[in-house]
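**Student:** Following this line is protein.tsv, made up of TSV, C-alpha atoms:
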chain	number	residue	atom	x	y	z
A	235	MET	CA	94.55	89.95	92.77
A	236	THR	CA	97.72	91.82	93.60
A	237	ILE	CA	98.79	92.51	97.15
A	238	PHE	CA	101.79	94.72	96.36
A	239	GLY	CA	101.04	97.84	94.36
A	240	PRO	CA	102.66	101.20	93.82
A	241	LEU	CA	101.16	102.49	97.06
A	242	GLY	CA	102.38	99.58	99.18
A	243	PRO	CA	100.92	96.27	100.30
A	244	SER	CA	97.15	96.04	100.50
A	245	LEU	CA	94.70	93.29	101.36
A	246	ALA	CA	91.77	95.39	100.12
A	247	PRO	CA	91.20	93.44	96.86
A	248	ALA	CA	90.98	90.14	98.77
A	249	ILE	CA	88.64	91.61	101.36
A	250	ARG	CA	86.38	93.23	98.76
A	251	SER	CA	86.09	89.98	96.80
A	252	SER	CA	84.67	88.11	99.81
A	253	LYS	CA	81.26	89.26	101.04
A	254	THR	CA	81.67	87.57	104.42
A	255	LEU	CA	85.13	88.96	105.03
A	256	SER	CA	84.02	92.39	103.88
A	257	ARG	CA	81.06	92.32	106.28
A	258	TRP	CA	83.39	91.47	109.20
A	259	ILE	CA	86.15	93.95	108.36
A	260	LYS	CA	84.02	96.97	107.37
A	261	PRO	CA	83.08	98.03	110.96
A	262	PHE	CA	86.75	97.90	112.01
A	263	ALA	CA	87.75	99.90	108.93
A	264	ASN	CA	85.15	102.57	109.67
A	265	PHE	CA	86.26	102.70	113.31
A	266	TYR	CA	89.89	103.14	112.23
A	267	ILE	CA	88.99	105.89	109.75
A	268	ASN	CA	87.09	107.78	112.44
A	269	LEU	CA	89.92	107.25	114.91
A	270	SER	CA	92.55	108.60	112.50
A	271	GLY	CA	90.70	111.92	112.38
A	272	TYR	CA	91.73	113.12	108.93
A	273	ARG	CA	88.11	113.59	107.88
A	274	LYS	CA	87.47	115.79	110.93
A	275	VAL	CA	89.86	118.41	109.54
A	276	GLY	CA	88.54	118.12	105.98
A	277	LEU	CA	91.27	115.98	104.42
A	278	ARG	CA	90.86	113.05	102.03
A	279	TYR	CA	92.73	109.75	102.18
A	280	ASP	CA	95.00	110.57	99.25
A	281	ASP	CA	96.07	113.77	101.02
A	282	LEU	CA	97.89	111.51	103.48
A	283	LEU	CA	100.18	109.92	100.89
A	284	VAL	CA	103.87	110.62	101.47
A	285	GLU	CA	104.78	113.38	99.03
A	286	GLU	CA	108.52	112.71	99.24
A	287	ARG	CA	108.13	109.66	97.01
A	288	GLU	CA	109.08	110.43	93.42
A	289	ASP	CA	106.06	108.68	91.91
A	290	VAL	CA	103.66	110.63	94.15
A	291	GLN	CA	105.39	113.90	93.24
A	292	ARG	CA	104.98	113.14	89.54
A	293	ALA	CA	101.35	112.16	90.10
A	294	ILE	CA	100.64	115.46	91.88
A	295	THR	CA	101.91	117.37	88.84
A	296	ARG	CA	99.29	115.56	86.73
A	297	LEU	CA	96.34	116.83	88.76
A	298	THR	CA	93.97	119.30	87.14
A	299	PRO	CA	94.22	122.91	88.31
A	300	ARG	CA	90.95	122.51	90.23
A	301	GLU	CA	92.18	119.37	92.03
A	302	THR	CA	95.45	121.12	92.87
A	303	TYR	CA	93.59	124.13	94.26
A	304	ASP	CA	91.26	121.92	96.33
A	305	ARG	CA	94.19	119.93	97.67
A	306	THR	CA	96.06	123.08	98.68
A	307	PHE	CA	92.94	124.51	100.33
A	308	ARG	CA	92.43	121.32	102.34
A	309	PHE	CA	96.05	121.41	103.53
A	310	LYS	CA	95.89	125.08	104.54
A	311	ARG	CA	92.61	124.58	106.37
A	312	ALA	CA	93.94	121.49	108.18
A	313	ALA	CA	97.10	123.37	109.19
A	314	GLN	CA	95.03	126.25	110.55
A	315	LEU	CA	92.81	123.87	112.52
A	316	SER	CA	95.90	122.14	113.89
A	317	ILE	CA	97.33	125.45	115.07
A	318	LEU	CA	94.02	126.31	116.75
A	319	HIS	CA	93.68	122.79	118.23
A	320	THR	CA	90.12	122.50	116.88
A	321	GLU	CA	88.12	120.46	114.38
A	322	LEU	CA	85.65	121.46	111.72
A	323	PRO	CA	81.97	121.52	112.60
A	324	LYS	CA	80.45	118.08	112.06
A	325	GLU	CA	78.54	119.16	108.92
A	326	GLN	CA	81.83	120.21	107.27
A	327	TRP	CA	83.69	116.94	107.90
A	328	THR	CA	84.66	114.98	104.80
A	329	LYS	CA	81.86	112.52	104.13
A	330	PRO	CA	82.66	108.94	103.10
A	331	GLU	CA	81.15	109.48	99.64
A	332	GLU	CA	83.38	112.57	99.16
A	333	ASP	CA	86.52	110.70	100.22
A	334	VAL	CA	87.42	109.35	96.79
A	335	ARG	CA	90.91	108.29	95.69
A	336	TYR	CA	91.69	111.19	93.34
A	337	LEU	CA	95.47	110.64	93.33
A	338	LYS	CA	95.67	106.85	93.18
A	339	PRO	CA	94.99	106.51	89.41
A	340	HIS	CA	97.77	109.00	88.66
A	341	VAL	CA	100.22	107.18	90.96
A	342	GLN	CA	99.35	103.88	89.28
A	343	ASP	CA	99.90	105.41	85.83
A	344	VAL	CA	103.30	106.73	86.93
A	345	GLU	CA	104.22	103.28	88.29
A	346	LYS	CA	103.17	101.62	85.01
A	347	GLU	CA	105.30	104.09	83.08
A	348	ASN	CA	108.27	103.45	85.38
A	349	ASN	CA	107.88	99.67	84.90
A	350	GLU	CA	107.69	100.12	81.13
A	351	ARG	CA	110.76	102.38	81.21
A	352	ARG	CA	112.67	99.77	83.24
A	353	MET	CA	111.62	97.08	80.78
A	354	TRP	CA	112.81	99.10	77.76
A	355	ASP	CA	116.05	100.09	79.53
A	356	SER	CA	116.93	96.45	80.08
A	357	VAL	CA	116.33	95.32	76.49
A	358	ALA	CA	119.39	93.71	74.95
A	359	VAL	CA	120.14	94.94	71.44
A	360	GLU	CA	121.84	92.45	69.14
A	361	ARG	CA	123.71	93.33	65.99
A	362	LYS	CA	122.96	91.40	62.83
Show me, as structure tokens, the structure contained in the file I just sent.
**Tutor:**
Amino acid sequence: MTIFGPLGPSLAPAIRSSKTLSRWIKPFANFYINLSGYRKVGLRYDDLLVEEREDVQRAITRLTPRETYDRTFRFKRAAQLSILHTELPKEQWTKPEEDVRYLKPHVQDVEKENNERRMWDSVAVERK
């Protein structure tokens, strides 16, 4: 179980591994998700990642054309709703089963590659 990952510290693996802890934390997590409001404008969780980070920028370039189009559409729609100070109709909100982590695997791959690059860059070469 790792707490520090490429996307920052997370207690999620520890919480998911304990049924009791998961049962206690899940209602608070759902309350927080609803309070944050990103699903009310049609966004997904990975749309909220800070794009200024180099690893996230590289991960975004690895998205399929369809994922890139969908991501851009969600951003444009959310910006329009923000300008109008409205939300989507309830039936168009992002549902929990649709809110999948589409960018996280790419960010993790980029982080693994960066770690491997750092490891190979620090190898000491000895002459025979």
**Student:** Quick one: pull the distance between atom CA of A:Met353 and atom CA of A:His340, Å, one decimal.
**Tutor:**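 Separating atom CA of A:Met353 from atom CA of A:His340 is a distance of 19.9 Å.
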**Student:** Taking into account only C-alpha atoms, which residue in the set A:Val275, A:Ile249, A:Ala312, A:Ala293 is nearest to A:Ala263?
**Tutor:**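 Nearest candidate to A:Ala263 out of A:Val275, A:Ile249, A:Ala312, A:Ala293: A:Ile249.
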**Student:** One decimal, in Å: what's the spacing between atom CA of A:Lys310 and atom CA of A:Asp333?
**Tutor:**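 Taking atom CA of A:Lys310 and atom CA of A:Asp333, their separation equals 17.7 Å.
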**Student:** List the spatial neighbours of stretch 277-292 of chain A as a list in words - criterion: any atom at most 7 Å away, all atoms listed in the file, same-chain residues fewer than 6 positions off excluded.
**Tutor:**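 Here the qualifying residues turn out to be Arg308, Thr328, Asp333, Arg335, Tyr336, Leu337, Val341, Val344 and Glu345 of chain A.
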**Student:** Between atom CA of A:Lys274 and atom CA of A:Lys260, what is the spacing in Å?
**Tutor:**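 The value is 19.5 Å.
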**Student:** Neighbourhood query: residues within 10 Å of (81.9, 116.0, 108.2), file coordinates, counting only C-alpha atoms; return as an MDAnalysis selection string.
**Tutor:** chainID A and resid 273:276 321:330 332
**Student:** Can you work out which one of A:Arg311, A:Arg296, A:Arg352, A:Arg257 has the shortest atom-to-atom distance to A:Lys338, counting only C-alpha atoms?
**Tutor:**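 Looking at the shortest contact to A:Lys338, the residue is A:Arg296.
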